[in-house]
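S.K.: Below you'll find work.cif; it's mmCIF, C-alpha atoms.
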data_target
loop_
_atom_site.label_atom_id
_atom_site.label_comp_id
_atom_site.auth_asym_id
_atom_site.auth_seq_id
_atom_site.Cartn_x
_atom_site.Cartn_y
_atom_site.Cartn_z
CA MET E 1282 84.83 79.89 45.64
CA ALA E 1283 87.36 82.30 44.12
CA TRP E 1284 86.65 85.93 44.95
CA SER E 1285 87.70 89.13 43.23
CA VAL E 1286 86.88 92.13 45.42
CA ALA E 1287 87.70 95.85 45.38
CA LEU E 1288 85.68 97.18 48.32
CA ALA E 1289 85.79 99.86 50.98
CA CYS E 1290 83.28 99.44 53.81
CA ALA E 1291 82.80 101.91 56.66
CA SER E 1292 80.43 101.83 59.60
CA ALA E 1293 79.73 104.25 62.44
CA GLY E 1294 79.22 101.68 65.17
CA GLU E 1295 79.68 97.95 65.56
CA PRO E 1296 79.27 96.35 62.10
CA ALA E 1297 76.93 93.62 63.35
CA GLU E 1298 74.63 96.31 64.71
CA VAL E 1299 74.91 98.72 61.76
CA PHE E 1300 74.45 96.16 58.98
CA ARG E 1301 70.97 94.82 59.54
CA PRO E 1302 67.57 94.79 57.83
CA GLY E 1303 66.05 98.18 57.11
CA LEU E 1304 69.08 100.07 55.81
CA VAL E 1305 67.85 102.84 53.52
CA PRO E 1306 70.22 104.07 50.79
CA ASP E 1307 70.78 107.78 50.18
CA PRO E 1308 71.37 108.25 46.42
CA ASP E 1309 72.23 111.94 46.77
CA ALA E 1310 74.93 111.18 49.31
CA ALA E 1311 76.24 108.40 47.08
CA ALA E 1312 76.48 110.81 44.14
CA ALA E 1313 78.30 113.38 46.27
CA ILE E 1314 80.87 110.80 47.37
CA ALA E 1315 81.37 109.57 43.80
CA ARG E 1316 81.95 113.08 42.47
CA GLY E 1317 84.24 113.88 45.37
CA LEU E 1318 86.44 110.97 44.35
CA TYR E 1319 86.57 111.98 40.71
CA PRO E 1320 85.99 115.74 40.48
CA ALA E 1321 87.75 115.99 37.12
CA ASP E 1322 85.69 113.25 35.50
CA THR E 1323 82.20 113.34 34.14
CA LEU E 1324 80.30 110.63 35.96
CA THR E 1325 76.98 109.31 34.73
CA GLU E 1326 74.55 107.60 37.11
CA THR E 1327 73.38 104.42 35.46
CA GLY E 1328 71.04 102.87 37.99
CA ASP E 1329 71.06 100.62 41.02
CA THR E 1330 72.42 97.18 41.77
CA VAL E 1331 73.45 95.12 44.78
CA LEU E 1332 76.84 94.44 46.31
CA ASP E 1333 76.98 90.94 44.83
CA PHE E 1334 77.29 92.43 41.31
CA ALA E 1335 79.47 95.38 42.32
CA LEU E 1336 82.38 93.73 44.14
CA TRP E 1337 84.64 93.71 41.07
CA PRO E 1338 83.57 96.57 38.79
CA TYR E 1339 84.65 97.15 35.23
CA GLU E 1340 87.46 99.69 34.97
CA ASP E 1341 85.06 102.47 33.93
CA GLU E 1342 82.60 101.80 36.78
CA LEU E 1343 82.19 102.95 40.34
CA PHE E 1344 79.59 101.73 42.84
CA VAL E 1345 78.63 103.61 45.99
CA GLY E 1346 76.17 102.72 48.72
CA ALA E 1347 75.59 105.53 51.22
CA PHE E 1348 73.47 105.01 54.33
CA GLU E 1349 72.92 106.89 57.57
CA ARG E 1350 75.68 105.00 59.41
CA ALA E 1351 77.43 103.07 56.68
CA LEU E 1352 79.26 103.48 53.40
CA LEU E 1353 80.18 100.98 50.70
CA LEU E 1354 82.42 101.79 47.76
CA CYS E 1355 83.52 99.43 44.99
CA ASP E 1356 86.20 100.70 42.64
CA ARG E 1357 88.48 98.54 40.47
CA ARG E 1358 91.22 101.18 40.81
CA LEU E 1359 91.81 99.96 44.35
CA PHE E 1360 93.45 96.95 42.71
CA GLY E 1361 96.24 99.22 41.50
CA LEU E 1362 97.78 99.15 45.00
CA ASP E 1363 99.32 102.51 44.11
CA ASP E 1364 99.00 106.14 45.18
CA ASP E 1365 95.62 106.44 43.45
CA ALA E 1366 94.36 103.32 45.23
CA ARG E 1367 95.52 104.74 48.55
CA ARG E 1368 93.81 108.05 47.73
CA ILE E 1369 90.52 106.26 47.08
CA ALA E 1370 90.88 104.22 50.27
CA ASP E 1371 91.75 107.30 52.34
CA THR E 1372 88.80 109.22 50.89
CA ALA E 1373 86.33 106.43 51.64
CA ALA E 1374 87.68 106.12 55.19
CA ALA E 1375 87.16 109.83 55.86
CA ALA E 1376 83.72 110.14 54.23
CA LEU E 1377 81.75 108.98 57.27
CA PRO E 1378 82.80 110.91 60.40
CA GLY E 1379 83.77 108.78 63.37
CA SER E 1380 83.59 105.53 61.44
CA ARG E 1381 85.84 102.53 61.17
CA CYS E 1382 86.63 101.46 57.64
CA GLY E 1383 88.08 98.35 56.06
CA VAL E 1384 89.40 98.29 52.51
CA LEU E 1385 89.61 94.82 51.01
CA VAL E 1386 91.14 93.84 47.68
CA LEU E 1387 91.13 90.19 46.62
CA GLN E 1388 92.16 88.99 43.17
CA ASN E 1389 91.82 85.35 42.29
CA MET E 1390 94.41 85.39 39.47
CA ILE E 1391 97.31 86.58 41.65
CA HIS E 1392 95.85 84.92 44.77
CA GLY E 1393 96.55 87.83 47.03
CA CYS E 1394 94.91 90.08 49.62
CA TRP E 1395 95.43 93.78 50.35
CA PHE E 1396 93.70 95.11 53.46
CA ARG E 1397 93.73 98.55 55.06
CA TRP E 1398 92.00 99.45 58.33
CA TYR E 1399 91.11 102.96 59.44
CA GLU E 1400 89.64 104.42 62.61
CA SER E 1401 88.13 107.92 62.35
CA GLY E 1402 89.94 108.41 59.06
CA GLU E 1403 93.36 107.42 60.44
CA LEU E 1404 95.18 104.46 58.89
CA ARG E 1405 95.91 101.88 61.59
CA ARG E 1406 96.71 98.70 59.61
CA ASP E 1407 98.12 98.02 56.14
CA VAL E 1408 98.82 94.45 55.01
CA PHE E 1409 99.43 92.90 51.61
CA VAL E 1410 100.09 89.19 51.16
CA THR E 1411 100.19 86.87 48.16
CA ALA E 1412 100.47 83.10 47.95
CA GLU E 1413 103.58 83.35 45.77
CA ASP E 1414 105.43 86.33 47.26
CA GLY E 1415 104.46 85.93 50.90
CA VAL E 1416 104.26 89.01 53.09
CA VAL E 1417 104.76 92.15 50.99
CA VAL E 1418 103.44 94.76 53.47
CA ASP E 1419 102.83 94.28 57.20
CA GLN E 1420 102.40 97.62 58.97
CA GLY E 1421 100.44 98.53 62.07
CA GLU E 1422 98.97 96.46 64.87
CA ARG E 1423 97.34 93.24 63.75
CA LEU E 1424 93.59 93.00 64.08
CA PRO E 1425 92.04 90.21 66.17
CA ALA E 1426 90.63 88.33 63.18
CA GLU E 1427 94.00 88.00 61.47
CA ARG E 1428 96.10 86.87 64.41
CA PRO E 1429 95.46 83.09 63.99
CA PHE E 1430 96.76 83.27 60.42
CA TRP E 1431 100.16 84.56 61.55
CA ARG E 1432 100.93 81.81 64.05
CA ALA E 1433 103.13 79.73 61.76
CA ILE E 1434 105.15 82.73 60.59
CA ASP E 1435 105.49 84.07 64.13
CA ALA E 1436 106.77 80.62 65.15
CA GLY E 1437 109.52 80.84 62.54
CA ALA E 1438 107.98 79.35 59.41
CA PRO E 1439 108.98 81.01 56.10
CA ASP E 1440 106.40 83.25 54.43
CA VAL E 1441 107.21 81.98 50.91
CA PRO E 1442 105.08 80.21 50.02
CA LEU E 1443 102.54 81.86 52.30
CA PRO E 1444 101.44 79.36 54.98
CA PHE E 1445 97.81 80.52 54.85
CA ASP E 1446 95.26 81.22 52.15
CA PRO E 1447 95.06 84.94 51.26
CA GLU E 1448 91.37 84.70 50.35
CA GLU E 1449 90.44 83.07 53.65
CA PHE E 1450 92.49 85.75 55.39
CA GLY E 1451 90.65 88.59 53.65
CA LEU E 1452 87.20 87.09 54.11
CA ALA E 1453 87.87 86.55 57.83
CA LEU E 1454 88.77 90.24 58.17
CA ALA E 1455 85.62 91.23 56.28
CA GLN E 1456 83.46 89.04 58.50
CA GLU E 1457 84.84 90.25 61.80
CA HIS E 1458 85.67 93.88 61.13
CA MET E 1459 83.65 95.06 58.12
CA PHE E 1460 80.22 93.40 58.22
CA GLY E 1461 80.01 91.56 61.53
CA ARG E 1462 79.02 88.43 59.60
CA GLY E 1463 80.21 86.51 56.55
CA ILE E 1464 79.80 88.56 53.41
CA ALA E 1465 77.86 85.70 51.79
CA ASP E 1466 76.05 84.56 54.96
CA ARG E 1467 72.37 85.30 55.44
CA GLY E 1468 71.69 85.82 59.13
CA LYS E 1469 68.70 84.65 61.13
CA ASP E 1470 67.36 88.18 60.69
CA GLY E 1471 67.25 87.62 56.91
CA PHE E 1472 70.04 90.12 56.21
CA LEU E 1473 72.64 89.22 53.58
CA PRO E 1474 75.51 91.67 52.94
CA LEU E 1475 75.63 90.76 49.24
CA GLU E 1476 72.11 92.18 48.86
CA LEU E 1477 73.04 95.67 50.04
CA PRO E 1478 71.93 98.27 47.46
CA LEU E 1479 74.50 100.41 45.65
CA ARG E 1480 74.30 103.18 43.07
CA ARG E 1481 76.19 102.64 39.83
CA PHE E 1482 78.28 105.31 38.07
CA LYS E 1483 80.24 105.22 34.84
CA HIS E 1484 83.21 107.33 33.85
CA ALA E 1485 82.71 109.23 30.61
#
Translate this structure into structure tokens?

M.R.:
Amino acid sequence: MAWSVALACASAGEPAEVFRPGLVPDPDAAAAIARGLYPADTLTETGDTVLDFALWPYEDELFVGAFERALLLCDRRLFGLDDDARRIADTAAAALPGSRCGVLVLQNMIHGCWFRWYESGELRRDVFVTAEDGVVVDQGERLPAERPFWRAIDAGAPDVPLPFDPEEFGLALAQEHMFGRGIADRGKDGFLPLELPLRRFKHA
């Protein structure tokens, strides 16, 4: 399956313990976060959806899921990989005090992965790889889930073409560090990350 994803996901606690059945969304908190990201824009709330339909929003859309100990934010502007994308990522990472936050961007056309990892709002890891260009950014200490992917490069293999699949790389990070399970895996408890509820906003 080819994924396109523009997602920030924060949790105050171990992801496998935070993301479980019974999460109750807070639409007022979601609206506050959305308007904090775009204070100069007029945002219109246009209803609710689930993460499965929000992972790759249209350019004029924003999706936010706010919970007591978790935050989800889907914004296509993260794909810009520019100062605005970093601003959005930094804002999401700081919105939930004491949380850890992963920001994952996958795009199936360029076959690349951008991932940022924050702890208590502080950026700890920034990595951007593509199948064609290899390792573009590699800053900060590698996270446990990504270490197996780097073995060939660390042993001296060239990074162009990239010796691992960027999508598999990103999804492994999401499983281990963002959700505590595969994003498309329904657990024995019945919980499926793709069914998490989010509030939809449109830019005027």

S.K.: May I have the residues at most 12 Å from (87.2, 87.8, 55.1) in the file's coordinates, counting all atoms listed in the file, as JSON, numbers by chain?

M.R.: {"E": [1284, 1285, 1286, 1288, 1383, 1384, 1385, 1386, 1387, 1394, 1395, 1396, 1426, 1427, 1430, 1446, 1447, 1448, 1449, 1450, 1451, 1452, 1453, 1454, 1455, 1456, 1457, 1458, 1459, 1460, 1461, 1462, 1463, 1464, 1465, 1466]}

S.K.: Env of E:Gly1471: 9 Å cut, atoms = all atoms listed in the file, seq-sep filter 2 positions within chain, self excluded. Answer as a count of residues only.

M.R.: 6

S.K.: Name the residues captured by the PyMOL selection byres ((chain E and resi 1346-1351) around 10) when it is applied to the shown file; answer as a PyMOL selection string.

M.R.: chain E and resi 1290-1294+1296+1299-1300+1304-1315+1329-1332+1344-1345+1352-1355+1376-1382+1477-1481

S.K.: Could you save those same residues with C-alpha atoms as a PDB file, in the coordinates of the input?

M.R.:
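What landed in selection_3.pdb:
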ATOM      1  CA  CYS E1290      83.280  99.440  53.810  1.00  0.00           C
ATOM      2  CA  ALA E1291      82.800 101.910  56.660  1.00  0.00           C
ATOM      3  CA  SER E1292      80.430 101.830  59.600  1.00  0.00           C
ATOM      4  CA  ALA E1293      79.730 104.250  62.440  1.00  0.00           C
ATOM      5  CA  GLY E1294      79.220 101.680  65.170  1.00  0.00           C
ATOM      6  CA  PRO E1296      79.270  96.350  62.100  1.00  0.00           C
ATOM      7  CA  VAL E1299      74.910  98.720  61.760  1.00  0.00           C
ATOM      8  CA  PHE E1300      74.450  96.160  58.980  1.00  0.00           C
ATOM      9  CA  LEU E1304      69.080 100.070  55.810  1.00  0.00           C
ATOM     10  CA  VAL E1305      67.850 102.840  53.520  1.00  0.00           C
ATOM     11  CA  PRO E1306      70.220 104.070  50.790  1.00  0.00           C
ATOM     12  CA  ASP E1307      70.780 107.780  50.180  1.00  0.00           C
ATOM     13  CA  PRO E1308      71.370 108.250  46.420  1.00  0.00           C
ATOM     14  CA  ASP E1309      72.230 111.940  46.770  1.00  0.00           C
ATOM     15  CA  ALA E1310      74.930 111.180  49.310  1.00  0.00           C
ATOM     16  CA  ALA E1311      76.240 108.400  47.080  1.00  0.00           C
ATOM     17  CA  ALA E1312      76.480 110.810  44.140  1.00  0.00           C
ATOM     18  CA  ALA E1313      78.300 113.380  46.270  1.00  0.00           C
ATOM     19  CA  ILE E1314      80.870 110.800  47.370  1.00  0.00           C
ATOM     20  CA  ALA E1315      81.370 109.570  43.800  1.00  0.00           C
ATOM     21  CA  ASP E1329      71.060 100.620  41.020  1.00  0.00           C
ATOM     22  CA  THR E1330      72.420  97.180  41.770  1.00  0.00           C
ATOM     23  CA  VAL E1331      73.450  95.120  44.780  1.00  0.00           C
ATOM     24  CA  LEU E1332      76.840  94.440  46.310  1.00  0.00           C
ATOM     25  CA  PHE E1344      79.590 101.730  42.840  1.00  0.00           C
ATOM     26  CA  VAL E1345      78.630 103.610  45.990  1.00  0.00           C
ATOM     27  CA  LEU E1352      79.260 103.480  53.400  1.00  0.00           C
ATOM     28  CA  LEU E1353      80.180 100.980  50.700  1.00  0.00           C
ATOM     29  CA  LEU E1354      82.420 101.790  47.760  1.00  0.00           C
ATOM     30  CA  CYS E1355      83.520  99.430  44.990  1.00  0.00           C
ATOM     31  CA  ALA E1376      83.720 110.140  54.230  1.00  0.00           C
ATOM     32  CA  LEU E1377      81.750 108.980  57.270  1.00  0.00           C
ATOM     33  CA  PRO E1378      82.800 110.910  60.400  1.00  0.00           C
ATOM     34  CA  GLY E1379      83.770 108.780  63.370  1.00  0.00           C
ATOM     35  CA  SER E1380      83.590 105.530  61.440  1.00  0.00           C
ATOM     36  CA  ARG E1381      85.840 102.530  61.170  1.00  0.00           C
ATOM     37  CA  CYS E1382      86.630 101.460  57.640  1.00  0.00           C
ATOM     38  CA  LEU E1477      73.040  95.670  50.040  1.00  0.00           C
ATOM     39  CA  PRO E1478      71.930  98.270  47.460  1.00  0.00           C
ATOM     40  CA  LEU E1479      74.500 100.410  45.650  1.00  0.00           C
ATOM     41  CA  ARG E1480      74.300 103.180  43.070  1.00  0.00           C
ATOM     42  CA  ARG E1481      76.190 102.640  39.830  1.00  0.00           C
TER      43      ARG E1481
END

S.K.: Quick one: pull the distance between atom CA of E:Leu1336 and atom CA of E:Trp1398, Å, one decimal.

M.R.: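 Computing it gives 18.1 Å between the two atoms.
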
S.K.: What separation in Å, quoted to one decimal, exists between atom CA of E:Pro1320 and atom CA of E:Arg1406?

M.R.: 27.8 Å

S.K.: On this structure, which residues satisfy the PyMOL selection byres ((chain E and resi 1423) around 10), written as a list in words?

M.R.: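 Taken over the shown coordinates, the PyMOL selection byres ((chain E and resi 1423) around 10) returns Trp1398, Arg1405, Arg1406, Asp1407, Val1408, Asp1419, Gln1420, Gly1421, Glu1422, Leu1424, Pro1425, Ala1426, Glu1427, Arg1428 and Trp1431 of chain E.
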
S.K.: Name the residues that the PyMOL selection byres ((chain E and resi 1359) around 8) picks from the file above, as a ChimeraX atom specification, using the file's chain letters and numbers.

M.R.: /E:1287-1288,1356-1358,1360-1363,1365-1367,1369-1370,1386

S.K.: Can you measure atom CA of E:Asp1414 to atom CA of E:Tyr1339 for me? One decimal in Å is fine.

M.R.: 26.3 Å

S.K.: Please provide as an MDAnalysis selection string all residues within 8 Å of E:Ile1391, with the sequence filter that same-chain residues fewer than 2 positions apart are discarded (counting all atoms listed in the file).

M.R.: chainID E and resid 1388:1389 1393 1411:1412

S.K.: Skip E:Gly1415 itself and residues of its chain fewer than 3 positions away, then list as a PyMOL selection string all residues within 6 Å of it, counting only C-alpha atoms.

M.R.: chain E and resi 1410-1412+1440-1443

S.K.: Can you work out which one of E:Glu1342, E:Trp1337, E:Ser1401, E:Glu1298 has the shortest atom-to-atom distance to E:Ala1485, counting all atoms listed in the file?

M.R.: E:Glu1342

S.K.: So which one's closest to E:Leu1475, E:Ala1297, E:Ala1289, E:Leu1318, E:Phe1334? Using only C-alpha atoms, please.

M.R.: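 Of E:Ala1297, E:Ala1289, E:Leu1318, E:Phe1334, the one nearest E:Leu1475, counting only C-alpha atoms, is E:Phe1334.
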
S.K.: Within 8 Å of E:Thr1325, counting only C-alpha atoms, which residues show up once you throw out same-chain ones fewer than 2 positions away? Write them as a list in words, please.

M.R.: Thr1323, Thr1327, Phe1482, Lys1483, His1484 and Ala1485 of chain E

S.K.: Between E:Leu1343, E:Phe1409, E:Ala1438, E:Ala1433, single out the one closest to E:Glu1326, counting only C-alpha atoms.

M.R.: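 Closest residue, counting only C-alpha atoms: E:Leu1343.
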
S.K.: Out of E:Met1390, E:Val1418, E:Leu1404, E:Ala1283, which residue has the shortest atom-to-atom distance to E:Ala1375 when counting only C-alpha atoms?

M.R.: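 For E:Ala1375, the nearest of the candidates is E:Leu1404.
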
S.K.: Ranking E:Asp1371, E:Phe1445, E:Ala1335, E:Asp1364 by minimum distance to E:Arg1397 and counting all atoms listed in the file, which one comes first?

M.R.: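 The answer is E:Asp1371, which sits nearest to E:Arg1397.
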
S.K.: What would stretch 1337-1348 of chain E look like with all heavy atoms restored, written as a compact mmCIF listing (two decimals), in the frame of the given file?

M.R.:
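Saved the output as part.txt:
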# COMPACT_ATOMS: atom_id res chain seq x y z
N TRP E 1337 83.50 93.60 41.99
CA TRP E 1337 84.64 93.71 41.07
C TRP E 1337 84.18 94.46 39.83
O TRP E 1337 83.85 93.88 38.82
CB TRP E 1337 85.17 92.32 40.71
CG TRP E 1337 86.46 92.32 39.98
CD1 TRP E 1337 86.69 91.94 38.69
CD2 TRP E 1337 87.75 92.70 40.49
NE1 TRP E 1337 88.01 92.05 38.36
CE2 TRP E 1337 88.69 92.53 39.45
CE3 TRP E 1337 88.19 93.19 41.73
CZ2 TRP E 1337 90.05 92.81 39.61
CZ3 TRP E 1337 89.55 93.47 41.88
CH2 TRP E 1337 90.45 93.28 40.83
N PRO E 1338 84.13 95.79 39.90
CA PRO E 1338 83.57 96.57 38.79
C PRO E 1338 84.45 96.52 37.55
O PRO E 1338 85.64 96.19 37.61
CB PRO E 1338 83.55 98.01 39.36
CG PRO E 1338 83.76 97.87 40.82
CD PRO E 1338 84.56 96.63 41.02
N TYR E 1339 83.84 96.88 36.41
CA TYR E 1339 84.65 97.15 35.23
C TYR E 1339 85.49 98.39 35.51
O TYR E 1339 85.21 99.18 36.42
CB TYR E 1339 83.76 97.37 34.01
CG TYR E 1339 83.06 96.13 33.53
CD1 TYR E 1339 81.67 96.02 33.60
CD2 TYR E 1339 83.77 95.05 33.02
CE1 TYR E 1339 81.01 94.88 33.17
CE2 TYR E 1339 83.13 93.90 32.59
CZ TYR E 1339 81.75 93.82 32.66
OH TYR E 1339 81.11 92.69 32.24
N GLU E 1340 86.52 98.59 34.70
CA GLU E 1340 87.46 99.69 34.97
C GLU E 1340 86.81 101.06 34.85
O GLU E 1340 87.30 102.04 35.42
CB GLU E 1340 88.67 99.58 34.04
CG GLU E 1340 89.53 98.36 34.35
CD GLU E 1340 90.77 98.28 33.50
OE1 GLU E 1340 90.94 99.16 32.63
OE2 GLU E 1340 91.57 97.35 33.69
N ASP E 1341 85.71 101.16 34.10
CA ASP E 1341 85.06 102.47 33.93
C ASP E 1341 83.87 102.64 34.86
O ASP E 1341 83.07 103.55 34.69
CB ASP E 1341 84.63 102.68 32.48
CG ASP E 1341 83.57 101.68 32.03
OD1 ASP E 1341 83.37 100.65 32.70
OD2 ASP E 1341 82.93 101.94 30.98
N GLU E 1342 83.74 101.77 35.87
CA GLU E 1342 82.60 101.80 36.78
C GLU E 1342 83.02 102.15 38.20
O GLU E 1342 84.16 101.94 38.62
CB GLU E 1342 81.92 100.43 36.82
CG GLU E 1342 81.16 100.03 35.58
CD GLU E 1342 80.50 98.69 35.76
OE1 GLU E 1342 81.14 97.77 36.30
OE2 GLU E 1342 79.33 98.56 35.37
N LEU E 1343 82.06 102.66 38.93
CA LEU E 1343 82.19 102.95 40.34
C LEU E 1343 80.83 102.68 40.98
O LEU E 1343 79.80 103.08 40.44
CB LEU E 1343 82.59 104.42 40.55
CG LEU E 1343 82.54 104.99 41.96
CD1 LEU E 1343 83.61 104.34 42.83
CD2 LEU E 1343 82.70 106.51 41.94
N PHE E 1344 80.83 102.00 42.12
CA PHE E 1344 79.59 101.73 42.84
C PHE E 1344 79.70 102.31 44.25
O PHE E 1344 80.71 102.12 44.93
CB PHE E 1344 79.34 100.22 42.94
CG PHE E 1344 79.07 99.55 41.62
CD1 PHE E 1344 80.12 99.03 40.88
CD2 PHE E 1344 77.79 99.47 41.12
CE1 PHE E 1344 79.89 98.40 39.66
CE2 PHE E 1344 77.54 98.85 39.90
CZ PHE E 1344 78.59 98.31 39.17
N VAL E 1345 78.64 103.00 44.67
CA VAL E 1345 78.63 103.61 45.99
C VAL E 1345 77.29 103.32 46.66
O VAL E 1345 76.23 103.53 46.07
CB VAL E 1345 78.84 105.13 45.93
CG1 VAL E 1345 78.85 105.73 47.34
CG2 VAL E 1345 80.15 105.48 45.20
N GLY E 1346 77.36 102.87 47.89
CA GLY E 1346 76.17 102.72 48.72
C GLY E 1346 76.33 103.59 49.95
O GLY E 1346 77.24 103.36 50.76
N ALA E 1347 75.51 104.61 50.08
CA ALA E 1347 75.59 105.53 51.22
C ALA E 1347 74.34 105.35 52.08
O ALA E 1347 73.22 105.36 51.56
CB ALA E 1347 75.71 106.97 50.74
N PHE E 1348 74.56 105.20 53.38
CA PHE E 1348 73.47 105.01 54.33
C PHE E 1348 73.72 105.93 55.53
O PHE E 1348 74.77 106.57 55.62
CB PHE E 1348 73.41 103.54 54.78
CG PHE E 1348 73.40 102.56 53.65
CD1 PHE E 1348 74.60 102.07 53.14
CD2 PHE E 1348 72.21 102.14 53.08
CE1 PHE E 1348 74.60 101.16 52.09
CE2 PHE E 1348 72.20 101.24 52.03
CZ PHE E 1348 73.40 100.74 51.53
